[in-house]
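J.: Next comes query04.txt, compact mmCIF, C-alpha atoms:
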```txt
# COMPACT_ATOMS: atom_id res chain seq x y z
CA MET A 1 -21.81 27.33 -20.14
CA THR A 2 -22.72 25.15 -23.12
CA ASP A 3 -25.98 25.67 -24.98
CA TYR A 4 -28.87 24.33 -22.95
CA ASP A 5 -32.07 22.71 -24.16
CA PRO A 6 -35.03 25.06 -23.51
CA GLU A 7 -37.35 22.02 -23.44
CA LYS A 8 -35.51 20.65 -20.40
CA GLY A 9 -35.60 21.75 -16.76
CA TYR A 10 -33.78 24.62 -15.08
CA VAL A 11 -31.98 23.27 -11.99
CA ALA A 12 -30.52 24.90 -8.86
CA LEU A 13 -27.54 23.22 -7.18
CA LEU A 14 -27.58 23.87 -3.42
CA GLY A 15 -24.06 23.87 -2.00
CA TRP A 16 -20.59 23.95 -3.50
CA SER A 17 -18.71 21.33 -5.51
CA LEU A 18 -16.38 22.27 -8.35
CA ASN A 19 -16.77 18.81 -9.89
CA ALA A 20 -20.57 19.16 -9.85
CA ILE A 21 -20.40 22.67 -11.33
CA ASP A 22 -18.06 21.51 -14.09
CA ALA A 23 -20.40 18.58 -14.85
CA VAL A 24 -23.59 20.66 -15.16
CA ASP A 25 -21.74 23.34 -17.12
CA ARG A 26 -21.00 20.67 -19.74
CA PHE A 27 -24.58 19.34 -19.66
CA ASP A 28 -27.68 20.41 -21.60
CA ARG A 29 -29.67 21.88 -18.68
CA ARG A 30 -29.75 25.49 -17.58
CA TYR A 31 -28.44 25.76 -14.02
CA ILE A 32 -27.78 28.17 -11.15
CA ILE A 33 -25.53 27.67 -8.11
CA VAL A 34 -26.90 28.54 -4.67
CA ALA A 35 -23.90 28.74 -2.35
CA PRO A 36 -22.49 30.74 0.59
CA PRO A 37 -21.47 34.35 -0.21
CA TRP A 38 -17.75 33.49 -0.20
CA ALA A 39 -18.27 31.71 -3.55
CA GLU A 40 -19.60 34.80 -5.34
CA GLU A 41 -16.25 36.19 -6.52
CA TYR A 42 -15.23 32.84 -8.03
CA CYS A 43 -18.57 32.54 -9.82
CA GLN A 44 -18.31 36.06 -11.22
CA GLN A 45 -14.78 35.44 -12.48
CA ASN A 46 -15.83 32.18 -14.15
CA ASP A 47 -19.23 33.29 -15.50
CA ILE A 48 -21.16 30.87 -13.26
CA PRO A 49 -24.81 31.80 -12.52
CA PHE A 50 -24.99 32.35 -8.76
CA ILE A 51 -27.25 33.20 -5.82
CA GLY A 52 -25.61 33.78 -2.44
CA TRP A 53 -27.18 31.97 0.50
CA ASP A 54 -26.11 30.96 4.01
CA PHE A 55 -27.06 27.35 4.77
CA ASP A 56 -27.26 27.52 8.52
CA ARG A 57 -29.76 25.28 10.24
CA LEU A 58 -33.01 25.13 8.28
CA ASN A 59 -35.14 28.16 9.13
CA GLU A 60 -38.17 30.11 7.94
CA ARG A 61 -36.08 31.71 5.18
CA SER A 62 -36.37 28.49 3.14
CA TYR A 63 -39.68 29.84 1.82
CA GLU A 64 -37.90 33.04 0.81
CA LEU A 65 -35.27 31.02 -1.09
CA ALA A 66 -37.96 28.88 -2.73
CA ASN A 67 -39.83 31.95 -3.99
CA LYS A 68 -36.59 33.53 -5.19
CA LEU A 69 -35.83 30.42 -7.25
CA LYS A 70 -39.43 30.19 -8.44
CA ASP A 71 -39.29 33.78 -9.70
CA GLU A 72 -36.02 32.89 -11.44
CA GLY A 73 -37.84 30.09 -13.28
CA VAL A 74 -36.06 27.19 -11.56
CA ASP A 75 -37.87 23.83 -11.72
CA VAL A 76 -36.07 21.86 -8.99
CA ALA A 77 -33.31 22.12 -6.37
CA ILE A 78 -30.56 19.50 -6.00
CA PRO A 79 -28.64 19.12 -2.69
CA LEU A 80 -24.87 18.73 -3.06
CA TYR A 81 -23.95 18.04 0.56
CA GLU A 82 -25.53 16.95 3.83
CA GLU A 83 -26.41 20.38 5.23
CA THR A 84 -28.40 21.31 2.11
CA VAL A 85 -30.67 18.23 2.07
CA GLU A 86 -33.36 19.86 4.27
CA TRP A 87 -33.09 23.10 2.31
CA ALA A 88 -33.67 21.20 -0.94
CA GLY A 89 -36.67 19.45 0.61
CA ALA A 90 -38.15 22.76 1.75
CA VAL A 91 -37.50 24.46 -1.61
CA ASN A 92 -38.83 21.55 -3.68
CA ALA A 93 -41.95 21.38 -1.52
CA VAL A 94 -42.74 24.82 -2.99
CA LEU A 95 -41.32 24.42 -6.51
CA LEU A 96 -42.99 21.04 -7.08
CA GLY A 97 -46.11 21.76 -5.00
CA ASN A 98 -45.51 18.74 -2.75
CA PRO A 99 -45.38 19.61 1.00
CA ARG A 100 -44.39 16.02 1.90
CA LEU A 101 -40.92 16.61 0.45
CA LEU A 102 -39.94 18.73 3.45
CA GLY A 103 -40.92 16.01 5.94
CA GLN A 104 -39.15 13.42 3.80
CA SER A 105 -35.93 15.47 3.86
CA MET A 106 -36.10 15.58 7.69
CA LEU A 107 -36.02 11.76 7.72
CA PHE A 108 -32.82 11.80 5.66
CA ARG A 109 -31.19 14.30 8.02
CA ASP A 110 -32.06 12.87 11.45
CA LYS A 111 -30.45 9.45 11.91
CA SER A 112 -32.83 8.51 14.72
CA LEU A 113 -35.97 9.33 12.72
CA MET A 114 -34.41 7.55 9.75
CA LYS A 115 -33.87 4.33 11.74
CA ARG A 116 -37.42 4.40 13.10
CA ARG A 117 -38.91 4.93 9.66
CA ALA A 118 -36.83 2.06 8.27
CA GLN A 119 -37.95 -0.19 11.14
CA LEU A 120 -41.60 0.70 10.50
CA GLY A 121 -41.07 -0.31 6.87
CA GLY A 122 -39.90 -3.78 7.88
CA ILE A 123 -36.23 -3.08 7.12
CA ARG A 124 -33.74 -4.96 9.31
CA VAL A 125 -31.74 -2.62 11.57
CA GLY A 126 -29.51 -3.11 14.61
CA VAL A 127 -30.45 -2.07 18.16
CA PHE A 128 -30.42 1.72 18.52
CA GLU A 129 -31.30 4.48 21.00
CA GLU A 130 -30.90 8.24 21.38
CA ALA A 131 -28.35 9.60 23.84
CA HIS A 132 -28.73 12.99 25.52
CA ASP A 133 -25.74 12.74 27.84
CA ARG A 134 -22.82 10.48 28.78
CA GLY A 135 -24.97 8.55 31.25
CA ASP A 136 -27.19 7.37 28.38
CA VAL A 137 -24.11 6.09 26.54
CA ILE A 138 -22.83 4.16 29.59
CA ARG A 139 -26.27 2.58 30.15
CA PHE A 140 -26.58 1.55 26.49
CA LEU A 141 -23.06 0.04 26.49
CA LYS A 142 -23.88 -1.97 29.62
CA ARG A 143 -27.29 -3.16 28.37
CA VAL A 144 -25.94 -4.29 25.01
CA ASN A 145 -23.18 -6.31 26.67
CA GLN A 146 -25.54 -7.78 29.28
CA THR A 147 -27.74 -8.94 26.42
CA LEU A 148 -24.71 -10.59 24.83
CA LEU A 149 -24.13 -12.47 28.14
CA LYS A 150 -20.70 -10.98 28.72
CA LEU A 151 -19.00 -12.00 31.96
CA ASP A 152 -16.87 -9.79 34.24
CA GLY A 153 -13.46 -9.39 32.65
CA ASP A 154 -14.69 -10.13 29.11
CA PRO A 155 -13.90 -7.32 26.66
CA ASN A 156 -16.99 -5.30 25.79
CA ASP A 157 -18.64 -5.57 22.41
CA PRO A 158 -18.34 -2.05 20.95
CA ILE A 159 -21.21 0.32 20.34
CA HIS A 160 -21.33 3.16 17.82
CA PHE A 161 -21.95 6.80 18.66
CA LYS A 162 -23.14 8.95 15.73
CA ALA A 163 -24.09 12.58 15.45
CA PHE A 164 -27.75 12.91 14.41
CA ASP A 165 -27.17 15.07 11.36
CA LYS A 166 -23.56 14.76 10.20
CA SER A 167 -22.42 12.97 7.10
CA GLY A 168 -20.39 9.78 6.78
CA THR A 169 -17.76 9.21 9.43
CA ALA A 170 -17.99 12.78 10.78
CA GLY A 171 -19.08 12.56 14.42
CA HIS A 172 -18.85 8.75 14.36
CA ARG A 173 -17.11 7.15 17.36
CA VAL A 174 -16.60 3.55 18.39
CA VAL A 175 -17.17 3.16 22.14
CA ARG A 176 -15.83 0.16 24.08
CA THR A 177 -15.22 1.40 27.62
CA PRO A 178 -16.55 4.04 30.02
CA GLU A 179 -13.23 5.87 29.43
CA ASP A 180 -14.15 6.24 25.74
CA VAL A 181 -17.38 7.90 26.87
CA ASP A 182 -15.44 10.47 28.94
CA ASN A 183 -13.72 11.65 25.74
CA ILE A 184 -16.97 12.65 24.01
CA PRO A 185 -17.35 16.46 24.03
CA ASP A 186 -20.61 17.97 25.32
CA ASP A 187 -21.40 19.56 21.96
CA GLU A 188 -21.73 16.14 20.27
CA PHE A 189 -24.98 15.44 22.15
CA PRO A 190 -27.72 14.51 21.40
CA ALA A 191 -26.61 11.58 19.27
CA LEU A 192 -27.60 8.15 18.03
CA LEU A 193 -26.32 4.98 19.70
CA GLU A 194 -26.16 1.70 17.78
CA SER A 195 -25.11 -1.86 18.48
CA HIS A 196 -22.11 -3.11 16.51
CA LEU A 197 -22.74 -5.22 13.43
CA ASP A 198 -19.98 -7.55 12.30
CA GLY A 199 -20.04 -8.10 8.61
CA TRP A 200 -19.22 -6.98 5.13
CA GLU A 201 -19.90 -3.26 4.96
CA PHE A 202 -20.77 -1.66 1.65
CA ALA A 203 -22.61 1.29 0.17
CA VAL A 204 -25.02 1.70 -2.70
CA GLU A 205 -25.46 4.61 -5.08
CA ALA A 206 -28.91 4.55 -6.69
CA TRP A 207 -30.27 6.99 -9.25
CA ILE A 208 -34.07 7.01 -8.98
CA LYS A 209 -36.80 8.31 -11.30
CA ASN A 210 -40.55 7.67 -11.14
CA GLY A 211 -40.03 5.57 -8.02
CA LYS A 212 -37.77 3.12 -9.89
CA ILE A 213 -34.02 2.43 -9.83
CA GLN A 214 -32.46 3.64 -13.07
CA PHE A 215 -28.88 2.68 -12.19
CA LEU A 216 -27.47 0.96 -9.11
CA ASN A 217 -23.80 0.81 -8.14
CA ILE A 218 -22.38 -1.19 -5.24
CA SER A 219 -19.33 0.41 -3.58
CA GLU A 220 -17.25 -2.01 -1.56
CA TYR A 221 -15.52 -0.67 1.55
CA VAL A 222 -12.13 -2.16 2.23
CA THR A 223 -11.81 -0.36 5.57
CA LEU A 224 -14.46 2.16 6.66
CA GLY A 225 -13.04 5.66 6.65
CA TYR A 226 -10.00 4.63 4.61
CA SER A 227 -10.82 3.00 1.29
CA VAL A 228 -13.54 2.09 -1.19
CA PHE A 229 -13.75 0.83 -4.77
CA VAL A 230 -16.30 0.32 -7.56
CA PRO A 231 -17.74 -1.90 -8.91
CA ALA A 232 -17.56 -4.40 -6.05
CA THR A 233 -15.87 -7.82 -6.10
CA PRO A 234 -17.79 -10.64 -7.85
CA GLU A 235 -18.46 -12.14 -4.38
CA LEU A 236 -20.38 -9.04 -3.28
CA GLU A 237 -21.96 -8.47 -6.70
CA ALA A 238 -23.39 -12.00 -6.38
CA HIS A 239 -25.84 -10.48 -3.86
CA ARG A 240 -26.97 -7.74 -6.31
CA ALA A 241 -30.52 -9.12 -6.70
CA ARG A 242 -31.07 -9.14 -2.91
CA ILE A 243 -29.47 -5.73 -2.53
CA THR A 244 -31.71 -4.35 -5.28
CA GLN A 245 -34.77 -5.68 -3.41
CA GLU A 246 -33.58 -3.90 -0.25
CA ILE A 247 -33.18 -0.63 -2.16
CA GLU A 248 -36.68 -1.02 -3.60
CA LYS A 249 -37.96 -1.54 -0.04
CA LEU A 250 -36.12 1.64 0.99
CA ILE A 251 -37.68 3.59 -1.91
CA GLU A 252 -41.14 2.42 -0.88
CA THR A 253 -40.60 3.01 2.86
CA PHE A 254 -39.23 6.54 2.40
CA ASP A 255 -41.66 7.32 -0.43
CA ILE A 256 -38.92 8.34 -2.89
CA GLU A 257 -40.20 9.33 -6.32
CA PHE A 258 -37.02 10.85 -7.74
CA GLY A 259 -33.45 11.76 -6.87
CA PHE A 260 -30.35 9.97 -5.67
CA ILE A 261 -29.70 7.93 -2.52
CA HIS A 262 -26.53 6.66 -0.89
CA PRO A 263 -27.44 3.97 1.69
CA GLU A 264 -25.00 1.81 3.65
CA TYR A 265 -25.53 -1.84 4.58
CA PHE A 266 -23.92 -4.75 6.40
CA LEU A 267 -23.97 -8.32 5.11
CA THR A 268 -23.52 -10.42 8.25
CA SER A 269 -21.94 -13.85 8.61
CA ASP A 270 -25.39 -15.47 8.76
CA ASN A 271 -26.16 -13.93 5.33
CA GLN A 272 -28.54 -11.23 6.61
CA LEU A 273 -28.61 -7.71 5.19
CA TYR A 274 -28.80 -4.93 7.80
CA PHE A 275 -29.57 -1.33 6.93
CA GLY A 276 -27.09 1.22 8.32
CA GLU A 277 -28.23 4.64 7.10
CA VAL A 278 -29.20 6.48 3.94
CA ALA A 279 -28.22 9.89 2.54
CA TYR A 280 -30.08 11.87 -0.11
CA ARG A 281 -27.03 13.55 -1.67
CA PRO A 282 -23.75 12.68 -3.41
CA PRO A 283 -21.49 10.51 -1.24
CA GLY A 284 -18.09 11.43 0.12
CA PHE A 285 -14.80 9.77 -0.80
CA LYS A 286 -15.30 10.95 -4.41
CA ALA A 287 -17.62 7.98 -5.13
CA LEU A 288 -19.22 9.65 -8.16
CA GLU A 289 -15.76 10.37 -9.57
CA LEU A 290 -14.78 6.71 -9.05
CA ILE A 291 -17.96 5.59 -10.79
CA GLU A 292 -17.17 7.88 -13.74
CA ARG A 293 -13.63 6.44 -13.93
CA ALA A 294 -15.04 2.90 -13.97
CA TYR A 295 -18.16 3.37 -16.11
CA GLY A 296 -17.58 6.55 -18.12
CA PHE A 297 -20.79 8.41 -17.22
CA ASN A 298 -20.89 11.52 -15.06
CA GLY A 299 -22.81 10.92 -11.84
CA TYR A 300 -23.62 14.62 -11.29
CA GLN A 301 -25.22 14.81 -14.71
CA GLY A 302 -27.12 11.67 -13.71
CA LEU A 303 -28.39 13.55 -10.62
CA VAL A 304 -29.73 16.31 -12.87
CA LEU A 305 -31.59 13.73 -14.97
CA MET A 306 -33.17 12.21 -11.86
CA PHE A 307 -34.28 15.52 -10.33
CA ASP A 308 -35.44 17.30 -13.49
CA PRO A 309 -39.23 16.79 -13.85
CA LYS A 310 -38.85 17.18 -17.64
CA THR A 311 -36.47 14.22 -18.10
CA THR A 312 -37.72 11.46 -20.41
CA GLN A 313 -37.17 7.72 -19.98
CA GLU A 314 -35.48 7.65 -23.40
CA GLU A 315 -32.85 10.09 -22.13
CA ILE A 316 -32.22 7.97 -19.05
CA ASP A 317 -31.90 4.74 -21.06
CA ALA A 318 -29.37 6.40 -23.38
CA PHE A 319 -27.37 7.90 -20.48
CA PHE A 320 -26.63 4.93 -18.20
CA PRO A 321 -24.49 1.92 -19.25
CA GLU A 322 -25.13 -1.68 -18.25
CA GLU A 323 -24.53 -2.29 -14.56
CA VAL A 324 -21.26 -4.14 -13.77
CA THR A 325 -20.61 -5.37 -17.33
CA GLY A 326 -20.55 -1.76 -18.57
CA ALA A 327 -17.51 -0.94 -16.41
CA LYS A 328 -14.08 -0.66 -18.06
CA GLY A 329 -12.35 -1.72 -14.83
CA HIS A 330 -12.37 -1.11 -11.07
CA ALA A 331 -11.65 2.32 -9.57
CA GLY A 332 -10.76 2.92 -5.93
CA CYS A 333 -9.29 5.48 -3.58
CA PHE A 334 -7.47 5.50 -0.27
CA GLY A 335 -7.80 8.27 2.35
CA VAL A 336 -4.34 9.05 3.68
CA TYR A 337 -3.84 9.95 7.33
CA PRO A 338 -0.31 10.31 8.79
CA ARG A 339 0.77 7.32 10.87
CA ARG A 340 3.50 9.29 12.67
CA ARG A 341 2.99 12.00 15.30
CA VAL A 342 5.63 14.28 13.75
CA VAL A 343 6.06 14.66 9.97
CA SER A 344 8.14 16.94 7.75
CA LYS A 345 7.32 16.04 4.16
CA LEU A 346 5.08 14.12 1.76
CA GLU A 347 6.72 11.05 0.27
CA ILE A 348 4.69 8.62 -1.85
CA PRO A 349 5.82 5.08 -0.89
CA PRO A 350 7.59 3.31 -3.79
CA GLU A 351 5.24 0.30 -3.34
CA THR A 352 2.39 2.67 -4.21
CA ALA A 353 4.06 4.84 -6.84
CA ASN A 354 5.40 1.85 -8.80
CA HIS A 355 2.20 -0.20 -8.79
CA PRO A 356 0.51 -0.35 -12.21
CA TYR A 357 -2.90 0.35 -10.61
CA PHE A 358 -1.77 3.65 -9.02
CA GLU A 359 -2.97 6.67 -11.03
CA TRP A 360 -2.61 9.93 -9.07
CA HIS A 361 -3.05 11.62 -5.70
CA GLU A 362 -4.32 14.90 -4.31
CA LEU A 363 -2.04 15.03 -1.27
CA ALA A 364 -0.28 18.24 -0.24
CA GLU A 365 2.90 18.88 1.70
CA PRO A 366 2.21 19.10 5.47
CA MET A 367 1.38 22.58 6.79
CA GLU A 368 2.54 21.67 10.29
CA GLN A 369 5.00 19.12 11.61
CA LYS A 370 2.98 17.92 14.59
CA VAL A 371 0.05 15.69 13.67
CA THR A 372 -3.05 16.28 15.79
CA LYS A 373 -4.50 13.17 17.38
CA ARG A 374 -7.25 11.65 15.29
CA THR A 375 -10.63 11.89 17.02
CA ALA A 376 -13.34 9.43 16.04
CA PHE A 377 -12.69 8.48 12.39
CA GLY A 378 -11.13 11.89 11.80
CA THR A 379 -10.54 13.54 8.46
CA HIS A 380 -8.06 12.18 5.95
CA TRP A 381 -5.40 14.50 4.54
CA GLY A 382 -6.22 13.67 0.93
CA LEU A 383 -6.90 10.80 -1.44
CA ALA A 384 -4.77 8.51 -3.58
CA TYR A 385 -6.51 7.02 -6.64
CA PHE A 386 -6.17 3.59 -8.23
CA PHE A 387 -7.62 1.84 -11.28
CA GLY A 388 -7.22 -1.68 -12.63
CA GLU A 389 -8.89 -4.70 -14.16
CA ASP A 390 -8.98 -7.09 -11.20
CA ALA A 391 -11.19 -6.34 -8.19
CA HIS A 392 -9.24 -8.57 -5.80
CA THR A 393 -5.89 -7.05 -6.73
CA LEU A 394 -7.32 -3.58 -6.16
CA ARG A 395 -8.92 -4.58 -2.84
CA ASP A 396 -5.65 -6.04 -1.51
CA LEU A 397 -3.70 -3.03 -2.77
CA LEU A 398 -6.01 -0.59 -0.96
CA LYS A 399 -5.72 -2.63 2.24
CA ALA A 400 -1.92 -2.62 1.98
CA GLN A 401 -1.86 1.20 1.93
CA GLU A 402 -2.87 1.23 5.61
CA ASP A 403 0.61 -0.03 6.58
CA LEU A 404 2.53 2.57 4.52
CA ASP A 405 3.79 6.04 5.45
CA PHE A 406 2.87 8.78 3.00
CA TYR A 407 4.05 11.48 5.42
CA VAL A 408 7.53 11.08 6.93
```
Can you turn what I pasted into structure tokens?
T.:
Amino acid sequence: MTDYDPEKGYVALLGWSLNAIDAVDRFDRRYIIVAPPWAEEYCQQNDIPFIGWDFDRLNERSYELANKLKDEGVDVAIPLYEETVEWAGAVNAVLLGNPRLLGQSMLFRDKSLMKRRAQLGGIRVGVFEEAHDRGDVIRFLKRVNQTLLKLDGDPNDPIHFKAFDKSGTAGHRVVRTPEDVDNIPDDEFPALLESHLDGWEFAVEAWIKNGKIQFLNISEYVTLGYSVFVPATPELEAHRARITQEIEKLIETFDIEFGFIHPEYFLTSDNQLYFGEVAYRPPGFKALELIERAYGFNGYQGLVLMFDPKTTQEEIDAFFPEEVTGAKGHAGCFGVYPRRRVVSKLEIPPETANHPYFEWHELAEPMEQKVTKRTAFGTHWGLAYFFGEDAHTLRDLLKAQEDLDFYV
């Protein structure tokens, strides 16, 4: 660990991310990692300060963890992944003497509560309902399509089925027919049902301090669950002022004083912005790593600045570059999933390997030959990374990867 500044805060990272640990180890704040017991040996071998903790569903032991961290001298807890968001809220309620932080964290974890809170704040959302069984899903599918005046024989407009408390595309299914409903396992209920929104889907990463946006990035999805890049194309960046207003509305509605949020939105064909959902933790698909490649600042260190109660505005101003114009280029990644049912080896397509925007990949040789059927959006097998000057070239390149075989 580098020398830390005793005038600055002592932070606890809840969860496990090697990139986050490396970032805070190179930063000027004292830190401790709170992670499952399996991480202890690694931390001992690498001289990483560590407390072992099992992050099962939030329980009464959160107070025990909070007091343990308080005795250690920790100022604030930072969640690294979805399952630690409630824990961080419970711990920070104690460390910062603000009981509302626990209730706030519940809103970020329960997609149904989140939608209702957004609606109460005057934020535009699609039609949504909770589902407790398959019958609820069938009824919602029928009602949505009746409302859209569908006739017998017309293909249904899809609906979306999302687990209440999972991150990103995990537990996210697109439902078009009653047969799709039959394929949903019992253990995925209860869940959130949403109407489908056609439009330009994108995400935002916003670092927040004192209730104000300190840096805002727009991540453009090429295809949800497959590819994303930063900063966005000029066409999407043209909406930055409106998007910023929506984020400010979100900050006010969810009463966010500090931290980091990762909301998703749709820009529809009639130029309306619809709120999808918001997370209070680093996003998936290595978005912070892409932002660092494009802008040069480390997003995890930015998280520490936002959470630390001892951070000054001067520090923040010196840390973040100018939005959009401060980027050296556009960085993107593509999540590879085998297109064949049987594979024997990894083979990077020449169209990818020879493109000047291709940088590297984290794909491994297949462990098994038979590829399991992808359920819902599924989990990619690894990421391929790209960087270049032109946003449109990068966007088209990422889209083209969908038609290539990386596993043959």
J.: Using all atoms listed in the file, which of A:Val76, A:Leu363, A:Ile51, A:Leu69 sits nearest A:Thr311?
T.: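 Nearest candidate to A:Thr311 out of A:Val76, A:Leu363, A:Ile51, A:Leu69: A:Val76.
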J.: Quick check, in Å to one decimal: how far apart do atom CA of A:Glu86 and atom CA of A:Ser105 lie?
T.: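 Interatomic distance here is 5.1 Å.
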J.: Which residue is closest to A:Arg281? Choose from A:Pro366, A:Gly388, A:Gly89, A:Pro37 and count only C-alpha atoms.
T.: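 Under the stated criterion, the closest residue is A:Gly89.
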J.: Of the candidates A:Asn67, A:Thr325, A:Gln369, A:Gln301, which shows the shortest atom-to-atom distance to A:Asn217, using only C-alpha atoms?
T.: A:Thr325
J.: What is the distance, in Å and to one decimal place, between atom CA of A:Tyr274 and atom CA of A:Leu148?
T.: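 Computing the Euclidean distance for atom CA of A:Tyr274 and atom CA of A:Leu148 yields 18.4 Å.
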